[in-house]
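A.B. asks: Supplied structure: model-v4.txt, compact mmCIF, C-alpha atoms (C1' of nucleotides).
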# COMPACT_ATOMS: atom_id res chain seq x y z
CA MET A 214 28.15 7.13 -25.98
CA SER A 215 31.56 5.77 -26.88
CA THR A 216 34.14 8.34 -25.98
CA PRO A 217 36.47 8.36 -28.95
CA ALA A 218 40.11 8.52 -28.04
CA VAL A 219 40.70 10.96 -25.21
CA PRO A 220 42.19 14.05 -26.79
CA SER A 221 45.16 15.37 -24.89
CA ASP A 222 46.10 18.03 -27.43
CA ALA A 223 44.85 21.53 -26.65
CA SER A 224 43.97 22.17 -30.26
CA GLU A 225 41.89 19.02 -30.34
CA VAL A 226 40.08 20.02 -27.16
CA TYR A 227 39.22 23.35 -28.65
CA ARG A 228 38.09 21.82 -31.92
CA ARG A 229 35.76 19.49 -30.08
CA TYR A 230 34.49 22.39 -28.05
CA LEU A 231 33.61 24.35 -31.17
CA SER A 232 31.97 21.31 -32.69
CA ALA A 233 29.85 20.87 -29.59
CA VAL A 234 28.74 24.50 -29.65
CA MET A 235 27.85 24.27 -33.32
CA LEU A 236 26.16 20.94 -32.82
CA HIS A 237 23.98 22.33 -30.09
CA GLY A 238 23.21 25.37 -32.18
CA HIS A 239 22.02 23.27 -35.06
CA ALA A 240 20.01 21.02 -32.80
CA SER A 241 18.35 24.10 -31.33
CA ALA A 242 17.56 25.46 -34.76
CA LYS A 243 16.03 22.14 -35.78
CA ALA A 244 13.96 22.02 -32.63
CA CYS A 245 12.64 25.49 -33.46
CA GLU A 246 11.97 24.52 -37.07
CA LEU A 247 14.33 27.31 -38.02
CA GLY A 248 16.22 27.25 -41.30
CA ALA A 249 19.94 27.75 -41.55
CA THR A 250 19.67 31.21 -43.08
CA ASP A 251 17.14 32.24 -40.47
CA LEU A 252 19.45 31.39 -37.61
CA TYR A 253 22.31 33.06 -39.45
CA ALA A 254 20.34 36.29 -39.74
CA LEU A 255 19.23 36.04 -36.15
CA ASN A 256 22.81 35.84 -34.99
CA ILE A 257 23.75 38.83 -37.10
CA LEU A 258 20.92 40.84 -35.61
CA GLN A 259 21.80 39.82 -32.11
CA LEU A 260 25.42 40.82 -32.59
CA THR A 261 25.16 43.99 -34.60
CA GLY A 262 21.81 45.24 -33.41
CA PRO A 263 18.83 46.56 -35.38
CA MET A 264 19.41 47.26 -39.06
CA THR A 265 17.52 47.79 -42.29
CA PRO A 266 16.50 44.86 -44.52
CA GLY A 267 18.98 46.11 -47.08
CA GLU A 268 21.91 45.80 -44.73
CA LEU A 269 20.70 42.45 -43.45
CA GLY A 270 20.50 41.25 -47.02
CA THR A 271 24.04 42.39 -47.68
CA ARG A 272 25.36 40.65 -44.60
CA THR A 273 23.57 37.40 -45.28
CA GLY A 274 24.54 37.53 -48.94
CA LEU A 275 20.91 37.47 -50.06
CA THR A 276 19.14 39.60 -52.63
CA THR A 277 16.13 41.68 -51.76
CA GLY A 278 13.50 39.06 -52.50
CA PRO A 279 14.67 36.34 -50.14
CA THR A 280 15.55 38.99 -47.58
CA THR A 281 11.95 40.17 -47.37
CA ARG A 282 10.66 36.66 -46.89
CA LEU A 283 13.41 35.90 -44.43
CA ILE A 284 12.22 38.81 -42.31
CA ASP A 285 8.64 37.65 -42.79
CA ARG A 286 9.51 34.25 -41.37
CA LEU A 287 11.41 35.70 -38.45
CA GLU A 288 8.66 38.17 -37.70
CA GLN A 289 5.95 35.55 -37.91
CA ALA A 290 7.92 33.26 -35.62
CA GLY A 291 8.20 36.09 -33.13
CA TYR A 292 11.94 36.65 -33.24
CA VAL A 293 12.08 40.12 -34.75
CA ARG A 294 9.75 43.00 -35.45
CA ARG A 295 9.58 45.66 -38.14
CA ALA A 296 9.76 49.22 -36.94
CA PRO A 297 9.59 52.36 -39.05
CA ASP A 298 12.65 54.56 -39.28
CA PRO A 299 11.71 57.90 -37.73
CA GLY A 300 14.07 59.81 -40.02
CA ASP A 301 13.36 58.09 -43.34
CA ARG A 302 9.91 56.74 -43.97
CA ARG A 303 11.05 54.49 -46.77
CA LYS A 304 13.22 52.51 -44.45
CA VAL A 305 12.24 49.73 -42.13
CA ILE A 306 14.30 48.78 -39.13
CA VAL A 307 14.44 45.13 -38.21
CA GLU A 308 15.07 44.65 -34.54
CA PRO A 309 15.33 41.46 -32.51
CA ILE A 310 12.74 41.00 -29.82
CA GLY A 311 14.01 40.58 -26.29
CA LYS A 312 12.15 37.40 -25.49
CA PRO A 313 12.16 35.14 -28.51
CA ALA A 314 9.45 32.58 -28.87
CA ASP A 315 10.84 29.05 -28.94
CA LEU A 316 14.55 29.66 -28.95
CA ASP A 317 14.61 30.60 -25.30
CA ARG A 318 12.77 27.46 -24.28
CA VAL A 319 15.01 25.29 -26.41
CA MET A 320 18.15 26.89 -25.08
CA ALA A 321 17.07 26.35 -21.48
CA PRO A 322 18.79 22.98 -20.89
CA ALA A 323 22.10 24.24 -22.21
CA ARG A 324 21.73 27.49 -20.33
CA GLN A 325 21.19 25.64 -17.10
CA ARG A 326 24.13 23.31 -17.58
CA ILE A 327 26.47 26.10 -18.53
CA GLY A 328 25.16 28.18 -15.66
CA GLU A 329 25.95 25.44 -13.18
CA LEU A 330 29.33 24.96 -14.77
CA LEU A 331 30.18 28.63 -14.53
CA ARG A 332 29.04 28.87 -10.92
CA GLY A 333 31.66 26.31 -10.03
CA TYR A 334 34.48 28.74 -10.73
CA SER A 335 35.97 31.24 -8.34
CA PRO A 336 35.45 34.96 -8.96
CA GLU A 337 38.96 35.28 -10.37
CA GLN A 338 38.44 32.34 -12.70
CA PHE A 339 35.04 33.68 -13.64
CA GLU A 340 36.67 36.92 -14.65
CA VAL A 341 39.22 35.15 -16.81
CA LEU A 342 36.50 33.24 -18.60
CA PHE A 343 34.40 36.28 -19.35
CA ASP A 344 37.43 38.20 -20.44
CA TYR A 345 37.95 35.45 -22.95
CA PHE A 346 34.30 35.44 -24.00
CA ALA A 347 34.35 39.15 -24.71
CA ARG A 348 37.61 39.05 -26.64
CA ALA A 349 36.71 35.91 -28.56
CA THR A 350 33.44 37.53 -29.59
CA ASP A 351 35.36 40.26 -31.37
CA ALA A 352 37.83 37.79 -32.82
CA TYR A 353 35.15 35.59 -34.33
CA GLN A 354 33.19 38.55 -35.56
CA GLU A 355 36.25 39.94 -37.31
CA ALA A 356 37.10 36.56 -38.76
CA ALA A 357 33.55 36.15 -40.05
CA GLU A 358 33.68 39.62 -41.57
CA GLN A 359 36.95 38.74 -43.23
CA LEU A 360 35.43 35.59 -44.67
CA ARG A 361 32.45 37.50 -45.96
CA SER A 362 34.43 40.25 -47.65
CA HIS A 363 36.91 37.79 -49.07
CA ASN A 364 34.14 35.69 -50.49
CA ALA A 365 32.29 38.68 -51.91
CA GLY A 366 35.43 40.23 -53.39
CA MET B 111 30.02 48.97 -37.53
CA SER B 112 27.86 50.66 -34.93
CA THR B 113 28.57 49.01 -31.63
CA PRO B 114 25.13 48.46 -30.17
CA ALA B 115 25.04 49.38 -26.50
CA VAL B 116 27.93 47.91 -24.57
CA PRO B 117 26.54 44.93 -22.69
CA SER B 118 27.57 44.85 -19.06
CA ASP B 119 25.45 41.89 -18.13
CA ALA B 120 27.29 38.57 -18.02
CA SER B 121 24.42 36.73 -19.63
CA GLU B 122 24.40 39.19 -22.49
CA VAL B 123 28.15 38.83 -22.95
CA TYR B 124 27.79 35.09 -23.16
CA ARG B 125 24.87 35.30 -25.55
CA ARG B 126 26.85 37.54 -27.86
CA TYR B 127 29.77 35.16 -27.61
CA LEU B 128 27.63 32.23 -28.71
CA SER B 129 26.18 34.28 -31.53
CA ALA B 130 29.65 35.17 -32.73
CA VAL B 131 30.74 31.54 -32.71
CA MET B 132 27.64 30.48 -34.62
CA LEU B 133 27.98 33.38 -36.99
CA HIS B 134 31.53 32.43 -37.82
CA GLY B 135 30.53 28.83 -38.20
CA HIS B 136 27.85 29.69 -40.73
CA ALA B 137 30.16 32.03 -42.58
CA SER B 138 32.74 29.24 -42.77
CA ALA B 139 30.17 26.80 -44.05
CA LYS B 140 29.07 29.26 -46.70
CA ALA B 141 32.65 29.86 -47.76
CA CYS B 142 33.07 26.11 -48.16
CA GLU B 143 29.80 25.81 -50.07
CA LEU B 144 28.69 23.45 -47.33
CA GLY B 145 25.04 23.00 -46.48
CA ALA B 146 23.70 23.27 -42.98
CA THR B 147 23.04 19.57 -42.63
CA ASP B 148 26.48 18.76 -43.97
CA LEU B 149 28.16 20.82 -41.30
CA TYR B 150 25.83 19.37 -38.72
CA ALA B 151 26.83 15.84 -39.66
CA LEU B 152 30.47 16.81 -39.76
CA ASN B 153 30.29 18.10 -36.22
CA ILE B 154 28.61 14.91 -35.08
CA LEU B 155 31.32 12.82 -36.68
CA GLN B 156 34.06 14.93 -35.21
CA LEU B 157 32.59 14.65 -31.73
CA THR B 158 31.42 11.08 -31.58
CA GLY B 159 33.87 9.50 -33.98
CA PRO B 160 33.29 7.05 -36.85
CA MET B 161 29.85 5.54 -37.12
CA THR B 162 27.60 3.74 -39.56
CA PRO B 163 25.34 5.65 -41.98
CA GLY B 164 22.37 4.37 -40.04
CA GLU B 165 23.51 5.92 -36.81
CA LEU B 166 24.46 9.13 -38.55
CA GLY B 167 21.00 9.23 -40.06
CA THR B 168 19.42 8.76 -36.67
CA ARG B 169 21.49 11.51 -35.13
CA THR B 170 20.84 13.98 -37.91
CA GLY B 171 17.17 13.06 -37.96
CA LEU B 172 17.33 12.04 -41.62
CA THR B 173 15.95 8.98 -43.34
CA THR B 174 18.19 6.61 -45.21
CA GLY B 175 17.88 8.24 -48.62
CA PRO B 176 19.14 11.70 -47.74
CA THR B 177 21.73 10.14 -45.44
CA THR B 178 23.34 8.29 -48.31
CA ARG B 179 23.57 11.45 -50.40
CA LEU B 180 24.77 13.42 -47.41
CA ILE B 181 27.67 11.01 -47.07
CA ASP B 182 28.20 11.20 -50.82
CA ARG B 183 28.59 14.96 -50.62
CA LEU B 184 30.92 14.82 -47.64
CA GLU B 185 32.99 12.09 -49.24
CA GLN B 186 33.23 13.93 -52.55
CA ALA B 187 34.25 17.12 -50.77
CA GLY B 188 36.98 15.22 -49.00
CA TYR B 189 35.73 15.45 -45.43
CA VAL B 190 34.95 11.81 -44.73
CA ARG B 191 35.61 8.39 -46.21
CA ARG B 192 33.66 5.15 -46.35
CA ALA B 193 35.37 2.14 -44.83
CA PRO B 194 34.03 -1.40 -44.67
CA ASP B 195 33.18 -2.85 -41.30
CA PRO B 196 35.52 -5.82 -40.76
CA GLY B 197 32.96 -7.69 -38.66
CA ASP B 198 29.82 -7.12 -40.70
CA ARG B 199 30.07 -6.80 -44.45
CA ARG B 200 26.67 -5.16 -44.74
CA LYS B 201 27.81 -2.19 -42.71
CA VAL B 202 29.83 0.81 -43.78
CA ILE B 203 31.77 2.95 -41.37
CA VAL B 204 31.88 6.67 -42.06
CA GLU B 205 34.97 8.25 -40.61
CA PRO B 206 36.13 11.86 -40.72
CA ILE B 207 39.40 12.50 -42.49
CA GLY B 208 42.14 14.17 -40.49
CA LYS B 209 42.87 16.99 -42.90
CA PRO B 210 39.62 18.31 -44.34
CA ALA B 211 39.73 20.04 -47.66
CA ASP B 212 38.53 23.63 -47.46
CA LEU B 213 37.35 23.89 -43.90
CA ASP B 214 40.86 24.08 -42.56
CA ARG B 215 41.81 26.91 -44.88
CA VAL B 216 38.64 28.83 -44.10
CA MET B 217 39.10 28.42 -40.38
CA ALA B 218 42.65 29.75 -40.52
CA PRO B 219 41.90 33.42 -39.78
CA ALA B 220 39.81 32.57 -36.75
CA ARG B 221 42.32 30.02 -35.60
CA GLN B 222 45.08 32.58 -35.76
CA ARG B 223 43.14 35.24 -33.88
CA ILE B 224 42.04 32.83 -31.19
CA GLY B 225 45.56 31.48 -30.97
CA GLU B 226 46.97 34.93 -30.36
CA LEU B 227 44.25 35.62 -27.86
CA LEU B 228 44.96 32.43 -25.94
CA ARG B 229 48.69 33.05 -25.89
CA GLY B 230 48.03 36.25 -23.98
CA TYR B 231 46.95 34.35 -20.90
CA SER B 232 49.13 33.03 -18.11
CA PRO B 233 49.52 29.27 -17.70
CA GLU B 234 47.08 29.28 -14.78
CA GLN B 235 44.52 31.24 -16.77
CA PHE B 236 45.11 29.01 -19.75
CA GLU B 237 44.32 26.01 -17.61
CA VAL B 238 41.08 27.58 -16.40
CA LEU B 239 40.00 28.26 -19.96
CA PHE B 240 40.67 24.76 -21.17
CA ASP B 241 39.01 23.29 -18.14
CA TYR B 242 35.96 25.23 -19.19
CA PHE B 243 36.28 24.16 -22.82
CA ALA B 244 36.39 20.50 -21.89
CA ARG B 245 33.48 20.71 -19.48
CA ALA B 246 31.38 22.90 -21.77
CA THR B 247 31.90 20.38 -24.57
CA ASP B 248 30.19 17.72 -22.50
CA ALA B 249 27.49 20.12 -21.37
CA TYR B 250 26.56 21.16 -24.89
CA GLN B 251 26.74 17.63 -26.15
CA GLU B 252 24.37 16.46 -23.43
CA ALA B 253 22.04 19.38 -24.05
CA ALA B 254 22.01 18.62 -27.76
CA GLU B 255 21.29 14.97 -27.05
CA GLN B 256 18.47 16.00 -24.76
CA LEU B 257 17.00 18.19 -27.48
CA ARG B 258 17.23 15.39 -30.00
CA SER B 259 15.57 12.75 -27.83
CA HIS B 260 12.91 15.17 -26.69
CA ASN B 261 12.13 16.12 -30.25
CA ALA B 262 12.09 12.53 -31.45
CA GLY B 263 10.04 11.25 -28.53
C1' DA C 52 7.28 71.51 -58.41
C1' DG C 53 9.27 67.86 -61.29
C1' DA C 54 12.72 64.31 -62.06
C1' DT C 55 15.92 61.07 -60.34
C1' DT C 56 17.46 58.02 -56.97
C1' DT C 57 16.84 54.95 -53.09
C1' DC C 58 14.50 51.50 -50.51
C1' DT C 59 11.20 47.89 -49.67
C1' DC C 60 7.94 44.54 -51.22
C1' DT C 61 5.74 41.28 -54.78
C1' DT C 62 5.75 37.68 -58.50
C1' DC C 63 7.65 34.08 -61.35
C1' DG C 64 10.80 30.25 -62.39
C1' DC C 65 14.48 27.19 -60.80
C1' DC C 66 17.33 24.10 -58.15
C1' DA C 67 18.86 21.73 -54.12
C1' DA C 68 17.52 18.88 -50.20
C1' DG C 69 14.47 15.75 -47.78
C1' DG C 70 10.60 11.96 -47.35
C1' DA C 71 8.72 7.44 -48.94
C1' DA C 72 8.97 3.07 -51.12
C1' DG C 73 11.54 -0.61 -53.15
C1' DA C 74 15.83 -3.43 -54.58
C1' DG C 75 20.20 -5.80 -53.61
C1' DA C 76 23.38 -7.86 -50.35
C1' DT C 77 24.65 -9.99 -45.97
C1' DT C 78 23.96 -12.07 -41.44
C1' DA C 79 21.46 -14.83 -37.96
C1' DG C 80 18.29 -18.54 -36.73
C1' DG C 81 15.61 -23.00 -37.42
C1' DC D 296 19.79 -25.41 -46.51
C1' DC D 297 16.21 -22.13 -46.35
C1' DT D 298 13.71 -18.24 -44.25
C1' DA D 299 13.52 -13.95 -41.79
C1' DA D 300 15.76 -9.79 -40.36
C1' DT D 301 19.12 -6.00 -40.99
C1' DC D 302 21.67 -2.59 -43.51
C1' DT D 303 22.82 0.26 -47.34
C1' DC D 304 21.77 2.19 -51.71
C1' DT D 305 18.59 3.72 -55.62
C1' DT D 306 14.52 6.15 -57.61
C1' DC D 307 10.53 9.21 -57.78
C1' DC D 308 8.06 13.00 -55.88
C1' DT D 309 7.27 17.03 -53.15
C1' DT D 310 8.61 20.98 -50.53
C1' DG D 311 11.22 25.07 -49.36
C1' DG D 312 14.38 28.71 -50.30
C1' DC D 313 16.97 31.56 -53.60
C1' DG D 314 17.75 34.65 -57.76
C1' DA D 315 15.97 38.03 -61.20
C1' DA D 316 12.90 41.49 -62.69
C1' DG D 317 9.37 44.80 -61.81
C1' DA D 318 6.08 47.85 -58.97
C1' DG D 319 5.04 51.21 -55.42
C1' DA D 320 6.40 54.75 -51.97
C1' DA D 321 9.36 58.27 -50.23
C1' DA D 322 13.45 61.24 -49.98
C1' DT D 323 16.85 64.28 -52.43
C1' DC D 324 18.36 67.36 -55.99
C1' DT D 325 17.72 70.83 -59.53
Written as structure tokens, how would this file's structure read?

C.D. replies:
Amino acid sequence: MSTPAVPSDASEVYRRYLSAVMLHGHASAKACELGATDLYALNILQLTGPMTPGELGTRTGLTTGPTTRLIDRLEQAGYVRRAPDPGDRRKVIVEPIGKPADLDRVMAPARQRIGELLRGYSPEQFEVLFDYFARATDAYQEAAEQLRSHNAG
Amino acid sequence: MSTPAVPSDASEVYRRYLSAVMLHGHASAKACELGATDLYALNILQLTGPMTPGELGTRTGLTTGPTTRLIDRLEQAGYVRRAPDPGDRRKVIVEPIGKPADLDRVMAPARQRIGELLRGYSPEQFEVLFDYFARATDAYQEAAEQLRSHNAG
DNA sequence: AGATTTCTCTTCGCCAAGGAAGAGATTAGG
DNA sequence: CCTAATCTCTTCCTTGGCGAAGAGAAATCT
């Protein structure tokens, strides 16, 4: 638990913050026995909402074969479910399930700590934080999209 | 780009925020041709500081064999370097290098967007945000540690 | 109605990553 | 000085996930 050189720079604080978020994310995935691609797809589904396997494959950068088995794994683990498209019976819609199986249990410690942390702020401060959360969500999503298109192009 | 039901719930906003951060992290890793474990180890090193391969192996949950090759990959990609321990010549100290190779370039778009976003806040708001960043870093790190020990025990 | 296109799922082969066991080198203790 | 313990690195084997090609089902167009 050796605290390595107290970072006074704002950029360094933010970098460590991102590292901690990613670190916890990976630890959660490991605890759920979830692969990297699986978690990746799960995040995409949670952000963009239900979509067809084809679109999910495009976004993850996978071809159709691995995409099918990816969905199989997620469905078997209880994270998503396949629903038929009412308008086009060829299509399948993959939608995340509200209460995931293990991920919720694994996220509980972090959720509690962050919850306590957030409750320590005043309503005005709380509003600032969630304003940032909402805007940063778009920023990261756009940046990720930019990375994806740049890499595919 | 169908925006899926505007979330008004704070918990949902935060969940989407975390998903976006993870999503961007994975996209960055993919753009750098970096494996999941590699990024995981890199985050550990960036948070905890230099450590021996043994400790890194313990933290990543890997045995000694894969740990050595993990460090090989990171060293070859220019993210870390091996330094001898001055006190114990059996040991090697793995330390992250200040200017990583590709990761910095890939993170640039996100860094710019977040930078602009943060510059839009007043000094008081800025302070609130970075207070949260610092505290959340500890919270996530502790939660990740808890997950690791619980999974290992 | 028939043909073409679109979409999902299945099968086969390959490669990267991790686990287990052993070797070499160094430090600590009797 | 010699033995035991610690740490890193090497080698072999197995597992898991991905890519490519093909099959089946359904919608669209002529």

A.B. asks: Produce the least-squares-superposed copy of chain B, fitted on chain A over all in-order C-alpha pairs, as an mmCIF file with C-alpha atoms, in the coordinates of the input.

C.D. replies:
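File part23.cif, as written:
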data_model
loop_
_atom_site.group_PDB
_atom_site.id
_atom_site.type_symbol
_atom_site.label_atom_id
_atom_site.label_comp_id
_atom_site.auth_asym_id
_atom_site.auth_seq_id
_atom_site.Cartn_x
_atom_site.Cartn_y
_atom_site.Cartn_z
ATOM 1 C CA MET B 111 28.282 6.647 -26.632
ATOM 2 C CA SER B 112 31.762 5.397 -27.411
ATOM 3 C CA THR B 113 34.184 8.055 -26.320
ATOM 4 C CA PRO B 114 36.580 8.301 -29.229
ATOM 5 C CA ALA B 115 40.165 8.505 -28.034
ATOM 6 C CA VAL B 116 40.626 11.033 -25.271
ATOM 7 C CA PRO B 117 42.183 14.087 -26.880
ATOM 8 C CA SER B 118 45.133 15.441 -24.955
ATOM 9 C CA ASP B 119 46.076 18.049 -27.491
ATOM 10 C CA ALA B 120 44.835 21.555 -26.724
ATOM 11 C CA SER B 121 43.951 22.216 -30.329
ATOM 12 C CA GLU B 122 41.869 19.072 -30.433
ATOM 13 C CA VAL B 123 40.087 20.034 -27.223
ATOM 14 C CA TYR B 124 39.217 23.391 -28.683
ATOM 15 C CA ARG B 125 38.076 21.898 -31.962
ATOM 16 C CA ARG B 126 35.764 19.527 -30.142
ATOM 17 C CA TYR B 127 34.483 22.416 -28.077
ATOM 18 C CA LEU B 128 33.582 24.394 -31.183
ATOM 19 C CA SER B 129 31.938 21.354 -32.706
ATOM 20 C CA ALA B 130 29.842 20.873 -29.599
ATOM 21 C CA VAL B 131 28.710 24.490 -29.634
ATOM 22 C CA MET B 132 27.797 24.288 -33.309
ATOM 23 C CA LEU B 133 26.134 20.951 -32.822
ATOM 24 C CA HIS B 134 23.955 22.313 -30.067
ATOM 25 C CA GLY B 135 23.179 25.360 -32.121
ATOM 26 C CA HIS B 136 21.967 23.268 -35.032
ATOM 27 C CA ALA B 137 19.985 21.006 -32.754
ATOM 28 C CA SER B 138 18.329 24.079 -31.239
ATOM 29 C CA ALA B 139 17.516 25.459 -34.650
ATOM 30 C CA LYS B 140 15.996 22.157 -35.686
ATOM 31 C CA ALA B 141 13.929 22.011 -32.524
ATOM 32 C CA CYS B 142 12.615 25.480 -33.323
ATOM 33 C CA GLU B 143 11.924 24.534 -36.937
ATOM 34 C CA LEU B 144 14.305 27.320 -37.874
ATOM 35 C CA GLY B 145 16.237 27.250 -41.116
ATOM 36 C CA ALA B 146 19.955 27.758 -41.301
ATOM 37 C CA THR B 147 19.709 31.182 -42.870
ATOM 38 C CA ASP B 148 17.131 32.241 -40.317
ATOM 39 C CA LEU B 149 19.439 31.445 -37.447
ATOM 40 C CA TYR B 150 22.287 33.087 -39.287
ATOM 41 C CA ALA B 151 20.328 36.309 -39.641
ATOM 42 C CA LEU B 152 19.197 36.112 -36.052
ATOM 43 C CA ASN B 153 22.773 35.915 -34.868
ATOM 44 C CA ILE B 154 23.708 38.889 -37.009
ATOM 45 C CA LEU B 155 20.869 40.918 -35.564
ATOM 46 C CA GLN B 156 21.727 39.937 -32.039
ATOM 47 C CA LEU B 157 25.353 40.926 -32.506
ATOM 48 C CA THR B 158 25.127 44.067 -34.561
ATOM 49 C CA GLY B 159 21.753 45.332 -33.430
ATOM 50 C CA PRO B 160 18.802 46.656 -35.457
ATOM 51 C CA MET B 161 19.410 47.289 -39.120
ATOM 52 C CA THR B 162 17.563 47.794 -42.374
ATOM 53 C CA PRO B 163 16.533 44.838 -44.569
ATOM 54 C CA GLY B 164 19.051 46.003 -47.124
ATOM 55 C CA GLU B 165 21.947 45.739 -44.741
ATOM 56 C CA LEU B 166 20.717 42.421 -43.431
ATOM 57 C CA GLY B 167 20.543 41.181 -46.994
ATOM 58 C CA THR B 168 24.084 42.298 -47.641
ATOM 59 C CA ARG B 169 25.373 40.604 -44.528
ATOM 60 C CA THR B 170 23.582 37.346 -45.185
ATOM 61 C CA GLY B 171 24.596 37.446 -48.829
ATOM 62 C CA LEU B 172 20.975 37.352 -49.986
ATOM 63 C CA THR B 173 19.219 39.423 -52.604
ATOM 64 C CA THR B 174 16.233 41.539 -51.746
ATOM 65 C CA GLY B 175 13.569 38.949 -52.506
ATOM 66 C CA PRO B 176 14.684 36.233 -50.115
ATOM 67 C CA THR B 177 15.567 38.894 -47.550
ATOM 68 C CA THR B 178 11.993 40.102 -47.397
ATOM 69 C CA ARG B 179 10.680 36.582 -46.858
ATOM 70 C CA LEU B 180 13.426 35.867 -44.366
ATOM 71 C CA ILE B 181 12.227 38.806 -42.303
ATOM 72 C CA ASP B 182 8.656 37.631 -42.799
ATOM 73 C CA ARG B 183 9.511 34.258 -41.308
ATOM 74 C CA LEU B 184 11.409 35.740 -38.387
ATOM 75 C CA GLU B 185 8.651 38.237 -37.713
ATOM 76 C CA GLN B 186 5.935 35.592 -37.880
ATOM 77 C CA ALA B 187 7.897 33.345 -35.539
ATOM 78 C CA GLY B 188 8.174 36.195 -33.090
ATOM 79 C CA TYR B 189 11.917 36.779 -33.184
ATOM 80 C CA VAL B 190 12.045 40.226 -34.749
ATOM 81 C CA ARG B 191 9.732 43.117 -35.532
ATOM 82 C CA ARG B 192 9.578 45.706 -38.288
ATOM 83 C CA ALA B 193 9.738 49.311 -37.162
ATOM 84 C CA PRO B 194 9.585 52.392 -39.361
ATOM 85 C CA ASP B 195 12.648 54.567 -39.625
ATOM 86 C CA PRO B 196 11.704 57.974 -38.180
ATOM 87 C CA GLY B 197 14.101 59.820 -40.484
ATOM 88 C CA ASP B 198 13.433 58.049 -43.765
ATOM 89 C CA ARG B 199 9.986 56.696 -44.481
ATOM 90 C CA ARG B 200 11.236 54.389 -47.210
ATOM 91 C CA LYS B 201 13.339 52.445 -44.752
ATOM 92 C CA VAL B 202 12.311 49.739 -42.335
ATOM 93 C CA ILE B 203 14.310 48.844 -39.276
ATOM 94 C CA VAL B 204 14.438 45.189 -38.300
ATOM 95 C CA GLU B 205 15.044 44.768 -34.612
ATOM 96 C CA PRO B 206 15.320 41.600 -32.543
ATOM 97 C CA ILE B 207 12.717 41.144 -29.850
ATOM 98 C CA GLY B 208 13.966 40.730 -26.305
ATOM 99 C CA LYS B 209 12.116 37.535 -25.493
ATOM 100 C CA PRO B 210 12.195 35.219 -28.494
ATOM 101 C CA ALA B 211 9.491 32.647 -28.815
ATOM 102 C CA ASP B 212 10.854 29.110 -28.832
ATOM 103 C CA LEU B 213 14.570 29.677 -28.856
ATOM 104 C CA ASP B 214 14.634 30.607 -25.211
ATOM 105 C CA ARG B 215 12.793 27.473 -24.170
ATOM 106 C CA VAL B 216 15.004 25.267 -26.312
ATOM 107 C CA MET B 217 18.161 26.839 -24.979
ATOM 108 C CA ALA B 218 17.102 26.277 -21.381
ATOM 109 C CA PRO B 219 18.822 22.915 -20.812
ATOM 110 C CA ALA B 220 22.128 24.178 -22.136
ATOM 111 C CA ARG B 221 21.773 27.407 -20.246
ATOM 112 C CA GLN B 222 21.230 25.530 -17.025
ATOM 113 C CA ARG B 223 24.184 23.206 -17.522
ATOM 114 C CA ILE B 224 26.505 26.026 -18.479
ATOM 115 C CA GLY B 225 25.211 28.066 -15.576
ATOM 116 C CA GLU B 226 26.026 25.310 -13.125
ATOM 117 C CA LEU B 227 29.392 24.851 -14.731
ATOM 118 C CA LEU B 228 30.222 28.540 -14.463
ATOM 119 C CA ARG B 229 29.122 28.732 -10.850
ATOM 120 C CA GLY B 230 31.781 26.173 -10.011
ATOM 121 C CA TYR B 231 34.562 28.636 -10.695
ATOM 122 C CA SER B 232 36.084 31.133 -8.302
ATOM 123 C CA PRO B 233 35.520 34.844 -8.908
ATOM 124 C CA GLU B 234 39.029 35.200 -10.336
ATOM 125 C CA GLN B 235 38.505 32.264 -12.673
ATOM 126 C CA PHE B 236 35.100 33.588 -13.595
ATOM 127 C CA GLU B 237 36.685 36.860 -14.588
ATOM 128 C CA VAL B 238 39.238 35.093 -16.775
ATOM 129 C CA LEU B 239 36.497 33.189 -18.555
ATOM 130 C CA PHE B 240 34.411 36.237 -19.278
ATOM 131 C CA ASP B 241 37.437 38.166 -20.385
ATOM 132 C CA TYR B 242 37.937 35.426 -22.917
ATOM 133 C CA PHE B 243 34.277 35.420 -23.933
ATOM 134 C CA ALA B 244 34.306 39.134 -24.624
ATOM 135 C CA ARG B 245 37.552 39.058 -26.567
ATOM 136 C CA ALA B 246 36.646 35.912 -28.499
ATOM 137 C CA THR B 247 33.367 37.546 -29.518
ATOM 138 C CA ASP B 248 35.276 40.293 -31.277
ATOM 139 C CA ALA B 249 37.749 37.837 -32.753
ATOM 140 C CA TYR B 250 35.071 35.639 -34.281
ATOM 141 C CA GLN B 251 33.100 38.601 -35.476
ATOM 142 C CA GLU B 252 36.150 40.014 -37.234
ATOM 143 C CA ALA B 253 37.006 36.632 -38.706
ATOM 144 C CA ALA B 254 33.460 36.242 -39.976
ATOM 145 C CA GLU B 255 33.574 39.714 -41.487
ATOM 146 C CA GLN B 256 36.856 38.855 -43.145
ATOM 147 C CA LEU B 257 35.340 35.710 -44.618
ATOM 148 C CA ARG B 258 32.356 37.628 -45.906
ATOM 149 C CA SER B 259 34.344 40.396 -47.585
ATOM 150 C CA HIS B 260 36.817 37.933 -49.017
ATOM 151 C CA ASN B 261 34.031 35.838 -50.444
ATOM 152 C CA ALA B 262 32.178 38.829 -51.841
ATOM 153 C CA GLY B 263 35.277 40.469 -53.281
#

A.B. asks: So what do you get for atom CA of Ala146 of chain B versus atom CA of Thr177 of chain B, distance-wise?

C.D. replies: 13.5 Å

A.B. asks: For segment 226-242 of chain A, I'd like the enclosing box, axis-aligned and padded by 4 Å on every side, reported as JSON with centre and edge lengths in Å to one decimal.

C.D. replies:
{"center_x": 28.8, "center_y": 22.5, "center_z": -31.1, "size_x": 30.5, "size_y": 14.0, "size_z": 15.9}

A.B. asks: Near chain B, meaning an atom within 10 Å, which residues of chain C appear when counting all atoms listed in the file? Write them as JSON, numbers by chain.

C.D. replies: {"C": [67, 68, 69, 70, 71, 76, 77, 78]}
